[in-house]
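Student: If it helps, the file is called input_27.csv and holds CSV, C-alpha atoms:
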```csv
chain,number,residue,atom,x,y,z
A,1,MET,CA,19.7,12.3,-4.2
A,2,ASP,CA,22.7,10.2,-2.8
A,3,PHE,CA,20.6,8.2,-0.6
A,4,SER,CA,19.4,4.6,-0.7
A,5,GLU,CA,15.8,3.8,-1.4
A,6,ASN,CA,15.5,2.2,2.0
A,7,SER,CA,16.8,5.4,3.7
A,8,LEU,CA,14.4,7.5,1.7
A,9,GLU,CA,11.5,5.3,2.6
A,10,ARG,CA,12.3,5.5,6.3
A,11,ILE,CA,12.8,9.3,6.1
A,12,CYS,CA,9.4,9.7,4.5
A,13,LYS,CA,7.9,7.7,7.3
A,14,VAL,CA,9.8,9.8,9.8
A,15,PHE,CA,8.3,12.9,8.2
A,16,GLY,CA,4.8,11.5,8.4
A,17,TYR,CA,5.4,10.5,12.1
A,18,LEU,CA,6.7,14.0,12.9
A,19,ASP,CA,3.6,15.4,11.2
A,20,THR,CA,1.4,13.3,13.5
A,21,LEU,CA,3.3,14.3,16.6
A,22,GLU,CA,3.1,18.0,15.6
A,23,LYS,CA,-0.7,17.8,15.2
A,24,ARG,CA,-0.8,16.2,18.6
A,25,GLY,CA,1.1,19.2,20.0
A,26,VAL,CA,4.3,17.2,20.9
A,27,GLU,CA,7.4,19.4,20.8
A,28,LEU,CA,10.3,17.1,21.4
A,29,VAL,CA,11.0,13.6,20.3
A,30,SER,CA,13.9,11.3,20.9
A,31,SER,CA,15.5,9.2,18.1
A,32,LYS,CA,14.3,6.1,20.0
A,33,GLU,CA,10.7,7.3,19.9
A,34,LEU,CA,11.0,8.2,16.3
A,35,ALA,CA,12.4,4.8,15.6
A,36,GLU,CA,9.6,3.0,17.4
A,37,GLY,CA,7.1,5.2,15.6
A,38,ILE,CA,8.3,3.9,12.2
A,39,GLY,CA,9.6,0.5,13.1
A,40,ALA,CA,13.4,1.0,12.8
A,41,THR,CA,16.3,1.3,15.2
A,42,ALA,CA,17.3,4.6,16.8
A,43,HIS,CA,20.8,4.3,15.3
A,44,THR,CA,19.4,3.9,11.8
A,45,VAL,CA,17.1,6.9,12.2
A,46,ARG,CA,19.8,9.2,13.5
A,47,LYS,CA,22.0,8.0,10.6
A,48,ASP,CA,19.4,8.7,8.0
A,49,ILE,CA,18.7,12.1,9.3
A,50,SER,CA,22.4,13.0,9.6
A,51,LEU,CA,23.0,11.8,6.0
A,52,LEU,CA,20.7,14.7,5.0
A,53,GLY,CA,23.1,17.0,6.7
A,54,ILE,CA,20.7,17.7,9.5
A,55,THR,CA,22.1,18.0,13.0
A,56,GLY,CA,20.0,19.4,15.9
A,57,TYR,CA,19.9,16.2,18.0
A,58,THR,CA,20.3,17.3,21.7
A,59,ARG,CA,20.0,15.4,24.9
A,60,LYS,CA,16.4,16.4,24.9
A,61,GLY,CA,15.8,15.0,21.5
A,62,TYR,CA,14.8,16.5,18.2
A,63,GLU,CA,12.5,19.6,18.0
A,64,VAL,CA,9.5,18.1,16.2
A,65,GLY,CA,8.4,21.2,14.2
A,66,SER,CA,11.8,22.2,13.1
A,67,LEU,CA,13.0,18.7,12.2
A,68,LYS,CA,9.8,18.3,10.1
A,69,ARG,CA,10.4,21.5,8.3
A,70,GLU,CA,14.0,20.7,7.6
A,71,LEU,CA,13.2,17.2,6.3
A,72,GLY,CA,10.4,18.6,4.2
A,73,GLY,CA,12.7,21.2,2.7
A,74,LYS,CA,15.4,18.7,1.9
A,75,LEU,CA,13.0,16.2,0.4
A,76,GLY,CA,10.8,18.7,-1.4
A,77,LEU,CA,7.8,17.7,0.7
A,78,SER,CA,6.8,21.2,1.6
A,79,LYS,CA,5.8,21.9,-1.9
A,80,GLU,CA,2.2,21.2,-2.8
A,81,ARG,CA,1.9,18.5,-5.5
A,82,LYS,CA,-1.0,18.0,-7.9
A,83,ALA,CA,-2.3,14.6,-8.6
A,84,CYS,CA,-4.9,12.9,-10.7
A,85,ILE,CA,-6.7,9.5,-10.4
A,86,VAL,CA,-7.3,7.3,-13.4
A,87,GLY,CA,-10.0,4.7,-13.0
A,88,LEU,CA,-13.1,5.7,-11.0
A,89,GLY,CA,-14.3,2.3,-9.7
A,90,ARG,CA,-14.8,1.9,-6.0
A,91,LEU,CA,-11.2,2.3,-5.0
A,92,GLY,CA,-10.6,5.2,-7.3
A,93,THR,CA,-13.7,7.1,-6.1
A,94,ALA,CA,-12.7,6.3,-2.5
A,95,LEU,CA,-9.3,7.9,-3.1
A,96,LEU,CA,-10.8,10.9,-4.9
A,97,ASP,CA,-12.2,12.2,-1.6
A,98,TYR,CA,-9.5,10.8,0.6
A,99,GLU,CA,-9.0,13.9,2.8
A,100,LYS,CA,-5.6,12.8,4.1
A,101,PHE,CA,-4.0,13.4,0.6
A,102,GLN,CA,-5.0,17.1,0.8
A,103,GLU,CA,-3.9,17.5,4.4
A,104,ASP,CA,-0.5,16.0,3.5
A,105,GLY,CA,0.1,18.4,0.6
A,106,PHE,CA,-1.2,16.2,-2.3
A,107,GLU,CA,-4.0,17.9,-4.1
A,108,ILE,CA,-6.2,15.6,-6.2
A,109,VAL,CA,-7.3,18.0,-9.0
A,110,ALA,CA,-8.8,15.5,-11.5
A,111,GLY,CA,-10.3,12.1,-11.9
A,112,PHE,CA,-10.6,10.2,-15.2
A,113,ASP,CA,-12.6,7.3,-16.4
A,114,LYS,CA,-13.5,5.9,-19.8
A,115,SER,CA,-17.1,5.4,-18.9
A,116,ILE,CA,-19.2,8.6,-19.5
A,117,ASN,CA,-22.0,6.8,-17.7
A,118,LYS,CA,-19.8,6.4,-14.6
A,119,LEU,CA,-18.6,10.0,-14.8
A,120,GLU,CA,-22.2,11.2,-14.8
A,121,ARG,CA,-23.1,9.2,-11.7
A,122,ILE,CA,-20.1,10.0,-9.5
A,123,ARG,CA,-20.7,12.3,-6.6
A,124,THR,CA,-17.6,14.2,-5.7
A,125,GLN,CA,-16.2,17.7,-5.3
A,126,ILE,CA,-13.3,16.9,-7.7
A,127,ASP,CA,-13.5,17.6,-11.4
A,128,VAL,CA,-13.9,14.4,-13.4
A,129,TYR,CA,-13.2,13.9,-17.1
A,130,PRO,CA,-13.3,11.2,-19.8
A,131,VAL,CA,-9.9,9.6,-20.4
A,132,SER,CA,-9.9,11.2,-23.9
A,133,ARG,CA,-9.2,14.5,-22.2
A,134,MET,CA,-6.2,13.3,-20.0
A,135,LYS,CA,-3.4,15.0,-21.9
A,136,GLU,CA,-5.2,18.3,-22.1
A,137,VAL,CA,-6.3,18.4,-18.5
A,138,ILE,CA,-2.9,17.1,-17.1
A,139,GLU,CA,-1.0,19.8,-19.0
A,140,SER,CA,-3.3,22.6,-18.2
A,141,LYS,CA,-3.5,21.8,-14.5
A,142,ASN,CA,0.3,21.0,-14.2
A,143,ILE,CA,-0.4,17.6,-12.7
A,144,GLU,CA,2.8,15.9,-11.6
A,145,LEU,CA,1.5,12.7,-10.1
A,146,GLY,CA,-0.8,10.0,-11.5
A,147,ILE,CA,-2.7,7.4,-9.3
A,148,ILE,CA,-3.7,4.3,-11.3
A,149,THR,CA,-6.8,2.5,-10.1
A,150,VAL,CA,-7.9,0.9,-13.4
A,151,PRO,CA,-8.1,-2.9,-13.8
A,152,SER,CA,-4.7,-4.6,-14.4
A,153,GLU,CA,-5.2,-5.1,-18.1
A,154,ALA,CA,-5.6,-1.4,-18.7
A,155,ALA,CA,-2.8,-0.2,-16.3
A,156,GLN,CA,0.1,-0.1,-18.8
A,157,GLU,CA,-1.8,1.9,-21.4
A,158,VAL,CA,-3.0,4.3,-18.7
A,159,ALA,CA,0.6,4.7,-17.5
A,160,ASP,CA,1.8,5.4,-21.0
A,161,ARG,CA,-0.8,8.1,-21.5
A,162,LEU,CA,0.0,9.7,-18.1
A,163,ILE,CA,3.6,9.9,-18.9
A,164,GLU,CA,3.0,11.2,-22.4
A,165,ALA,CA,0.9,14.0,-20.8
A,166,GLY,CA,3.9,14.9,-18.6
A,167,VAL,CA,3.3,13.1,-15.3
A,168,LYS,CA,6.5,12.4,-13.5
A,169,GLY,CA,5.5,10.0,-10.7
A,170,VAL,CA,3.0,7.1,-10.7
A,171,LEU,CA,1.3,5.4,-7.8
A,172,ASN,CA,0.1,2.1,-9.1
A,173,PHE,CA,-2.7,0.1,-7.4
A,174,SER,CA,-3.0,-2.4,-10.2
A,175,HIS,CA,-1.4,-5.9,-10.0
A,176,VAL,CA,1.0,-5.4,-12.9
A,177,LYS,CA,4.5,-4.1,-12.8
A,178,LEU,CA,4.5,-1.2,-15.2
A,179,ASP,CA,7.2,-0.8,-17.8
A,180,LEU,CA,8.1,2.9,-17.5
A,181,PRO,CA,10.9,5.2,-18.6
A,182,GLU,CA,13.8,5.4,-16.1
A,183,ASN,CA,13.1,9.0,-15.2
A,184,VAL,CA,9.6,8.2,-14.0
A,185,ILE,CA,9.2,7.4,-10.3
A,186,ASN,CA,6.9,4.6,-9.6
A,187,VAL,CA,5.5,2.8,-6.5
A,188,ASN,CA,3.3,-0.2,-6.6
A,189,LEU,CA,0.8,-0.8,-3.8
A,190,ASP,CA,-0.6,-4.3,-4.1
A,191,PHE,CA,-3.1,-5.1,-1.4
A,192,THR,CA,-3.0,-8.8,-1.9
A,193,ASN,CA,0.8,-8.9,-1.8
A,194,ALA,CA,0.6,-7.2,1.6
A,195,LEU,CA,-1.9,-9.9,2.8
A,196,ARG,CA,0.4,-12.6,1.4
A,197,PHE,CA,3.3,-11.1,3.2
A,198,ILE,CA,1.3,-11.4,6.4
A,199,ALA,CA,-0.1,-14.9,5.6
A,200,ALA,CA,3.3,-16.3,4.9
A,201,GLN,CA,4.3,-15.5,8.5
A,202,LEU,CA,1.2,-17.0,10.1
A,203,GLY,CA,2.3,-20.6,9.4
B,1,MET,CA,11.0,-18.9,8.9
B,2,ASP,CA,14.7,-18.3,8.6
B,3,PHE,CA,14.4,-15.7,6.0
B,4,SER,CA,14.8,-11.9,6.0
B,5,GLU,CA,11.8,-9.7,5.7
B,6,ASN,CA,13.1,-8.4,2.4
B,7,SER,CA,13.5,-11.9,1.0
B,8,LEU,CA,10.0,-12.8,2.1
B,9,GLU,CA,8.6,-9.6,0.5
B,10,ARG,CA,10.3,-10.4,-2.8
B,11,ILE,CA,9.1,-14.0,-2.7
B,12,CYS,CA,5.5,-12.9,-2.1
B,13,LYS,CA,5.9,-10.6,-5.2
B,14,VAL,CA,7.4,-13.5,-7.2
B,15,PHE,CA,4.4,-15.7,-6.2
B,16,GLY,CA,2.0,-12.9,-7.4
B,17,TYR,CA,3.9,-12.5,-10.6
B,18,LEU,CA,3.9,-16.3,-11.3
B,19,ASP,CA,0.1,-16.3,-10.7
B,20,THR,CA,-0.3,-13.5,-13.3
B,21,LEU,CA,1.9,-15.5,-15.8
B,22,GLU,CA,0.0,-18.7,-15.1
B,23,LYS,CA,-3.4,-17.0,-15.8
B,24,ARG,CA,-1.9,-15.7,-19.1
B,25,GLY,CA,-1.0,-19.3,-20.0
B,26,VAL,CA,2.8,-18.7,-19.8
B,27,GLU,CA,4.6,-22.0,-19.0
B,28,LEU,CA,8.2,-21.2,-18.6
B,29,VAL,CA,9.9,-18.1,-17.1
B,30,SER,CA,13.6,-17.2,-16.7
B,31,SER,CA,14.9,-15.8,-13.4
B,32,LYS,CA,15.7,-12.6,-15.4
B,33,GLU,CA,12.0,-12.2,-16.4
B,34,LEU,CA,10.9,-13.0,-12.9
B,35,ALA,CA,13.3,-10.4,-11.6
B,36,GLU,CA,12.1,-7.7,-14.0
B,37,GLY,CA,8.6,-8.6,-13.2
B,38,ILE,CA,9.1,-7.7,-9.5
B,39,GLY,CA,11.9,-5.1,-9.8
B,40,ALA,CA,14.9,-7.0,-8.4
B,41,THR,CA,18.0,-8.7,-9.9
B,42,ALA,CA,18.0,-12.2,-11.3
B,43,HIS,CA,20.7,-13.2,-8.9
B,44,THR,CA,18.7,-12.1,-5.9
B,45,VAL,CA,15.5,-13.9,-7.1
B,46,ARG,CA,17.4,-17.2,-7.7
B,47,LYS,CA,19.0,-16.9,-4.3
B,48,ASP,CA,15.6,-16.2,-2.6
B,49,ILE,CA,14.1,-19.2,-4.3
B,50,SER,CA,17.0,-21.5,-3.5
B,51,LEU,CA,16.9,-20.4,0.2
B,52,LEU,CA,13.5,-22.0,0.3
B,53,GLY,CA,15.1,-25.3,-0.8
B,54,ILE,CA,13.6,-25.1,-4.2
B,55,THR,CA,15.7,-26.2,-7.2
B,56,GLY,CA,14.2,-26.8,-10.6
B,57,TYR,CA,15.9,-24.0,-12.5
B,58,THR,CA,16.9,-25.3,-15.9
B,59,ARG,CA,18.3,-23.6,-18.9
B,60,LYS,CA,14.8,-23.1,-20.1
B,61,GLY,CA,13.9,-21.4,-16.9
B,62,TYR,CA,11.4,-22.2,-14.1
B,63,GLU,CA,8.2,-24.1,-14.9
B,64,VAL,CA,5.6,-21.4,-13.9
B,65,GLY,CA,2.8,-23.6,-12.4
B,66,SER,CA,5.1,-25.9,-10.4
B,67,LEU,CA,7.2,-23.1,-9.0
B,68,LYS,CA,4.1,-21.2,-8.0
B,69,ARG,CA,2.7,-24.4,-6.2
B,70,GLU,CA,6.1,-25.0,-4.5
B,71,LEU,CA,6.4,-21.5,-3.3
B,72,GLY,CA,2.7,-21.5,-2.2
B,73,GLY,CA,3.3,-24.7,-0.3
B,74,LYS,CA,6.4,-23.5,1.5
B,75,LEU,CA,4.8,-20.1,2.4
B,76,GLY,CA,1.4,-21.4,3.3
B,77,LEU,CA,-0.2,-19.3,0.5
B,78,SER,CA,-2.2,-22.3,-0.9
B,79,LYS,CA,-4.4,-22.2,2.2
B,80,GLU,CA,-7.5,-20.0,2.0
B,81,ARG,CA,-7.4,-17.3,4.7
B,82,LYS,CA,-10.4,-15.6,6.1
B,83,ALA,CA,-10.3,-11.8,6.7
B,84,CYS,CA,-12.6,-9.1,8.0
B,85,ILE,CA,-12.6,-5.3,7.4
B,86,VAL,CA,-13.2,-2.9,10.2
B,87,GLY,CA,-14.3,0.6,9.2
B,88,LEU,CA,-16.8,0.7,6.3
B,89,GLY,CA,-16.2,4.2,5.0
B,90,ARG,CA,-15.4,4.7,1.3
B,91,LEU,CA,-12.1,2.8,1.4
B,92,GLY,CA,-13.5,0.0,3.6
B,93,THR,CA,-16.5,-0.6,1.4
B,94,ALA,CA,-14.3,-0.5,-1.7
B,95,LEU,CA,-12.2,-3.2,-0.2
B,96,LEU,CA,-15.2,-5.3,0.9
B,97,ASP,CA,-16.0,-6.1,-2.7
B,98,TYR,CA,-12.4,-6.1,-4.0
B,99,GLU,CA,-12.6,-9.2,-6.1
B,100,LYS,CA,-8.8,-9.7,-6.3
B,101,PHE,CA,-8.7,-10.7,-2.6
B,102,GLN,CA,-11.0,-13.6,-3.3
B,103,GLU,CA,-9.1,-14.7,-6.4
B,104,ASP,CA,-5.9,-14.7,-4.5
B,105,GLY,CA,-7.2,-16.9,-1.6
B,106,PHE,CA,-8.2,-14.2,0.8
B,107,GLU,CA,-11.9,-14.4,1.6
B,108,ILE,CA,-13.5,-11.4,3.2
B,109,VAL,CA,-16.2,-12.9,5.4
B,110,ALA,CA,-17.2,-9.9,7.5
B,111,GLY,CA,-17.3,-6.1,7.6
B,112,PHE,CA,-17.7,-4.1,10.8
B,113,ASP,CA,-18.7,-0.5,11.5
B,114,LYS,CA,-19.8,1.3,14.6
B,115,SER,CA,-22.5,3.2,12.7
B,116,ILE,CA,-25.7,1.1,12.5
B,117,ASN,CA,-27.0,3.7,10.1
B,118,LYS,CA,-24.0,3.0,7.8
B,119,LEU,CA,-24.5,-0.7,8.1
B,120,GLU,CA,-28.1,-0.4,6.9
B,121,ARG,CA,-27.2,1.7,3.9
B,122,ILE,CA,-24.3,-0.5,2.6
B,123,ARG,CA,-24.9,-2.5,-0.5
B,124,THR,CA,-22.6,-5.5,-0.5
B,125,GLN,CA,-22.7,-9.3,-0.7
B,126,ILE,CA,-20.6,-9.6,2.4
B,127,ASP,CA,-22.1,-9.9,5.9
B,128,VAL,CA,-21.7,-6.7,7.9
B,129,TYR,CA,-22.0,-6.2,11.6
B,130,PRO,CA,-21.8,-3.6,14.3
B,131,VAL,CA,-18.4,-3.5,16.0
B,132,SER,CA,-20.0,-4.7,19.2
B,133,ARG,CA,-20.2,-8.1,17.6
B,134,MET,CA,-16.6,-8.3,16.5
B,135,LYS,CA,-15.4,-10.9,19.0
B,136,GLU,CA,-18.3,-13.3,18.5
B,137,VAL,CA,-18.2,-13.1,14.7
B,138,ILE,CA,-14.4,-13.4,14.4
B,139,GLU,CA,-14.4,-16.4,16.7
B,140,SER,CA,-17.3,-18.2,15.0
B,141,LYS,CA,-16.0,-17.6,11.5
B,142,ASN,CA,-12.3,-18.4,12.3
B,143,ILE,CA,-11.1,-15.1,10.9
B,144,GLU,CA,-7.3,-14.9,10.9
B,145,LEU,CA,-6.7,-11.5,9.2
B,146,GLY,CA,-8.1,-8.1,10.1
B,147,ILE,CA,-8.0,-5.1,7.7
B,148,ILE,CA,-8.2,-1.7,9.4
B,149,THR,CA,-9.8,1.1,7.5
B,150,VAL,CA,-11.1,3.2,10.4
B,151,PRO,CA,-9.9,6.8,11.0
B,152,SER,CA,-6.4,7.0,12.6
B,153,GLU,CA,-7.7,7.9,16.1
B,154,ALA,CA,-9.7,4.7,16.3
B,155,ALA,CA,-7.1,2.4,14.8
B,156,GLN,CA,-5.3,1.2,18.0
B,157,GLU,CA,-8.5,0.4,19.8
B,158,VAL,CA,-9.8,-1.6,16.8
B,159,ALA,CA,-6.4,-3.4,16.6
B,160,ASP,CA,-6.7,-4.3,20.3
B,161,ARG,CA,-10.2,-5.7,19.8
B,162,LEU,CA,-9.2,-7.7,16.7
B,163,ILE,CA,-6.3,-9.3,18.5
B,164,GLU,CA,-8.4,-10.0,21.6
B,165,ALA,CA,-10.8,-11.8,19.3
B,166,GLY,CA,-8.0,-14.0,17.9
B,167,VAL,CA,-6.9,-12.3,14.7
B,168,LYS,CA,-3.2,-13.1,14.0
B,169,GLY,CA,-2.4,-10.7,11.2
B,170,VAL,CA,-3.3,-7.0,10.6
B,171,LEU,CA,-3.3,-5.0,7.5
B,172,ASN,CA,-3.4,-1.4,8.6
B,173,PHE,CA,-4.6,1.4,6.3
B,174,SER,CA,-4.6,4.1,9.0
B,175,HIS,CA,-1.7,6.5,9.5
B,176,VAL,CA,-0.7,5.4,12.9
B,177,LYS,CA,1.8,2.7,13.7
B,178,LEU,CA,0.0,0.2,15.9
B,179,ASP,CA,1.3,-1.1,19.2
B,180,LEU,CA,0.8,-4.8,18.9
B,181,PRO,CA,2.0,-8.0,20.6
B,182,GLU,CA,5.1,-9.5,19.1
B,183,ASN,CA,3.4,-12.5,17.7
B,184,VAL,CA,0.9,-10.5,15.6
B,185,ILE,CA,2.0,-9.9,12.0
B,186,ASN,CA,1.4,-6.4,10.9
B,187,VAL,CA,1.7,-4.4,7.6
B,188,ASN,CA,1.0,-0.7,7.2
B,189,LEU,CA,-0.1,0.6,3.9
B,190,ASP,CA,0.0,4.4,4.1
B,191,PHE,CA,-1.0,6.0,0.8
B,192,THR,CA,0.4,9.4,1.5
B,193,ASN,CA,3.8,7.9,2.5
B,194,ALA,CA,3.8,6.2,-0.9
B,195,LEU,CA,3.1,9.6,-2.6
B,196,ARG,CA,5.8,11.2,-0.4
B,197,PHE,CA,8.3,8.6,-1.4
B,198,ILE,CA,7.6,9.5,-5.0
B,199,ALA,CA,7.5,13.3,-4.5
B,200,ALA,CA,10.9,13.2,-2.7
B,201,GLN,CA,12.4,11.9,-5.8
B,202,LEU,CA,10.9,14.4,-8.2
B,203,GLY,CA,13.0,17.3,-7.0
```
Write the structure described by the file as structure tokens, please.

Tutor:
Amino acid sequence: MDFSENSLERICKVFGYLDTLEKRGVELVSSKELAEGIGATAHTVRKDISLLGITGYTRKGYEVGSLKRELGGKLGLSKERKACIVGLGRLGTALLDYEKFQEDGFEIVAGFDKSINKLERIRTQIDVYPVSRMKEVIESKNIELGIITVPSEAAQEVADRLIEAGVKGVLNFSHVKLDLPENVINVNLDFTNALRFIAAQLG
Amino acid sequence: MDFSENSLERICKVFGYLDTLEKRGVELVSSKELAEGIGATAHTVRKDISLLGITGYTRKGYEVGSLKRELGGKLGLSKERKACIVGLGRLGTALLDYEKFQEDGFEIVAGFDKSINKLERIRTQIDVYPVSRMKEVIESKNIELGIITVPSEAAQEVADRLIEAGVKGVLNFSHVKLDLPENVINVNLDFTNALRFIAAQLG
């Protein structure tokens, strides 16, 4: 897409915010409200939306449901995506049953861990497997997204195996930056970096 | 600080990467390696660092330990910060015992939940309390940072109580944008937005 990463990030937030508004029964939203909802300026939000070729801004504002559907269509967010989680420690198991993923169109269809012992003890509705079965399960279930919650030292190897199995996008919760092929989309969510970013502004 | 948010975010990542290198025993690092480690360009990284008034880049590169300490000093990251977690569901309890926080200078000193039942069942080394005791505990322990892991509908109320108790920075894992006083530093980590950002690029 001919779109900067910053624009895309904002538009994804706009989509999420529209979804919240829709669930609350809100029908119209101004660009100012949208902007406040995601922490940007109204001008930037209108520009991002118009870059996608979406018009439909009237004096009353955007129509929440139709803007959400248009954005979803343009960004491929209306399509349900299958994801798996590798590393079923406390964070991984918390994410296995994270209902919001499902509500938002991301279906967690498998969890993997190297410890058979851990797999036997886990209580979840999601199917869990030993990592040795990653390739087979990912291929047979058409899993597109991999969520990495293993310790940092194992993250690169897990990423390599996910990609070998056909995963196209990786959400990485470990603290290492992964070395991935250029066609794989990757986001790192590092909790301590988020806290550092806050702490650095506290003085 | 006279520093853009983007620069600050990159510098926090540089700090984290230097920390990883130091733990691996690496002594020197080029700006190119630093840049690759955080996903930026070498020019940008050198500029961010020099904006902080730090020189010390030689042909051999930066000295890992001393650059980390200088950045830490300038950004106030050398100081230990106390944090609490509100909402002890699966994500909250996973974060309570997230060892990386402690290693990185963020000490989780309290967890809060409104369910006494849940508080009684939790197995953790960290002290946990009913939310009714938030103000008293936050004040007496000098907690500066609040981590919000309650359901979205309760997030704003929890944020208000954290701030009333004196918390200066909020890491918000819920899906609502919080309405906070301007002097409170806030970061939202929304997992589904991260997945959306990936999915939008998959086509």

Student: Of the candidates B:Ser140, B:Ser115, B:Thr20, B:Ser4, which shows the shortest atom-to-atom distance to chain A, using only C-alpha atoms?

Tutor: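 Ranked by minimum distance to chain A, first place goes to B:Thr20.
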
Student: Could you jot down the atom CA of A:Ser30 to atom CA of A:Val14 separation for me, Å, one decimal place?

Tutor: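 These atoms are spaced 11.9 Å apart.
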
Student: In Å, with one decimal, what is the gap from atom CA of A:Lys74 to atom CA of A:Glu107?

Tutor: 20.3 Å

Student: Of the candidates A:Leu96, A:Ile126, A:Ala110, A:Leu119, which one gets nearest to chain B if we count all atoms listed in the file?

Tutor: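 Closest candidate: A:Leu96.
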
Student: Compare B:Lys135, B:Lys13, B:Arg123, B:Arg59 by their minimum atom-to-atom distance to chain A, counting all atoms listed in the file, and give me the closest one.

Tutor: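 Using all atoms listed in the file, chain A sits closest to B:Lys13.
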
Student: Residues within 10 Å of A:Leu202, please, as a compact mmCIF listing (two decimals) with C-alpha atoms, keeping the file's coordinate frame. Count all atoms listed in the file; anything in the same chain fewer than 4 positions from it doesn't count.

Tutor:
```txt
# COMPACT_ATOMS: atom_id res chain seq x y z
CA ARG A 196 0.40 -12.60 1.40
CA PHE A 197 3.30 -11.10 3.20
CA ILE A 198 1.30 -11.40 6.40
CA LEU B 75 4.80 -20.10 2.40
CA GLY B 76 1.40 -21.40 3.30
CA LEU B 77 -0.20 -19.30 0.50
CA GLU B 144 -7.30 -14.90 10.90
CA LEU B 145 -6.70 -11.50 9.20
CA LYS B 168 -3.20 -13.10 14.00
CA GLY B 169 -2.40 -10.70 11.20
CA ASN B 183 3.40 -12.50 17.70
CA VAL B 184 0.90 -10.50 15.60
CA ILE B 185 2.00 -9.90 12.00
```

Student: Rank B:Ser174, B:Thr44, B:Gln156, B:Ser50 by their smallest atom-to-atom distance to chain A, using all atoms listed in the file, and report the top residue only.

Tutor: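 Ranked by minimum distance to chain A, first place goes to B:Ser174.
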
Student: My list of candidates is A:Cys84, A:Ile108, A:Leu71, A:Leu34. Which is closest to A:Gly166 when distances are computed with only C-alpha atoms?

Tutor: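 Among the listed residues, the smallest separation from A:Gly166 belongs to A:Cys84.
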
Student: Take atom CA of A:Lys141 and atom CA of A:Gly16 and report the distance between them in Å, one decimal.

Tutor: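 We find that atom CA of A:Lys141 and atom CA of A:Gly16 lie 26.4 Å from each other.
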
Student: Set the distance at 12 Å and use all atoms listed in the file: which residues neighbour B:Leu95 once local chain neighbours fewer than 2 positions away are removed? I'd like the list as a ChimeraX atom specification.

Tutor: /A:89-95,191-192 /B:83-93,97-102,106-111,124,126,147-149,171,173

Student: Find the residue from A:Val158, A:Ala194, A:Val137, A:Leu18 that sits nearest to chain B; use only C-alpha atoms when measuring.

Tutor: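 Among A:Val158, A:Ala194, A:Val137, A:Leu18, it is A:Ala194 that comes nearest to chain B.
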
Student: So that I can see what lies close to B:Ser152, please list as a PyMOL selection string the residues with an atom at most 6 Å from it, counting all atoms listed in the file and leaving out residues fewer than 2 positions away in the same chain.

Tutor: chain B and resi 154-155+174-176

Student: Up to 10 Å from (2.4, -16.0, -14.4) in the file's coordinates: name the residues, counting all atoms listed in the file, as an mmCIF file with C-alpha atoms, keeping the file's coordinate frame.

Tutor:
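Contents of point-v8.cif, freshly written:
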```cif
data_model
loop_
_atom_site.group_PDB
_atom_site.id
_atom_site.type_symbol
_atom_site.label_atom_id
_atom_site.label_comp_id
_atom_site.auth_asym_id
_atom_site.auth_seq_id
_atom_site.Cartn_x
_atom_site.Cartn_y
_atom_site.Cartn_z
ATOM 1 C CA VAL B 14 7.400 -13.500 -7.200
ATOM 2 C CA PHE B 15 4.400 -15.700 -6.200
ATOM 3 C CA GLY B 16 2.000 -12.900 -7.400
ATOM 4 C CA TYR B 17 3.900 -12.500 -10.600
ATOM 5 C CA LEU B 18 3.900 -16.300 -11.300
ATOM 6 C CA ASP B 19 0.100 -16.300 -10.700
ATOM 7 C CA THR B 20 -0.300 -13.500 -13.300
ATOM 8 C CA LEU B 21 1.900 -15.500 -15.800
ATOM 9 C CA GLU B 22 0.000 -18.700 -15.100
ATOM 10 C CA LYS B 23 -3.400 -17.000 -15.800
ATOM 11 C CA ARG B 24 -1.900 -15.700 -19.100
ATOM 12 C CA GLY B 25 -1.000 -19.300 -20.000
ATOM 13 C CA VAL B 26 2.800 -18.700 -19.800
ATOM 14 C CA GLU B 27 4.600 -22.000 -19.000
ATOM 15 C CA LEU B 28 8.200 -21.200 -18.600
ATOM 16 C CA VAL B 29 9.900 -18.100 -17.100
ATOM 17 C CA LEU B 34 10.900 -13.000 -12.900
ATOM 18 C CA GLY B 37 8.600 -8.600 -13.200
ATOM 19 C CA GLU B 63 8.200 -24.100 -14.900
ATOM 20 C CA VAL B 64 5.600 -21.400 -13.900
ATOM 21 C CA GLY B 65 2.800 -23.600 -12.400
ATOM 22 C CA LYS B 68 4.100 -21.200 -8.000
#
```
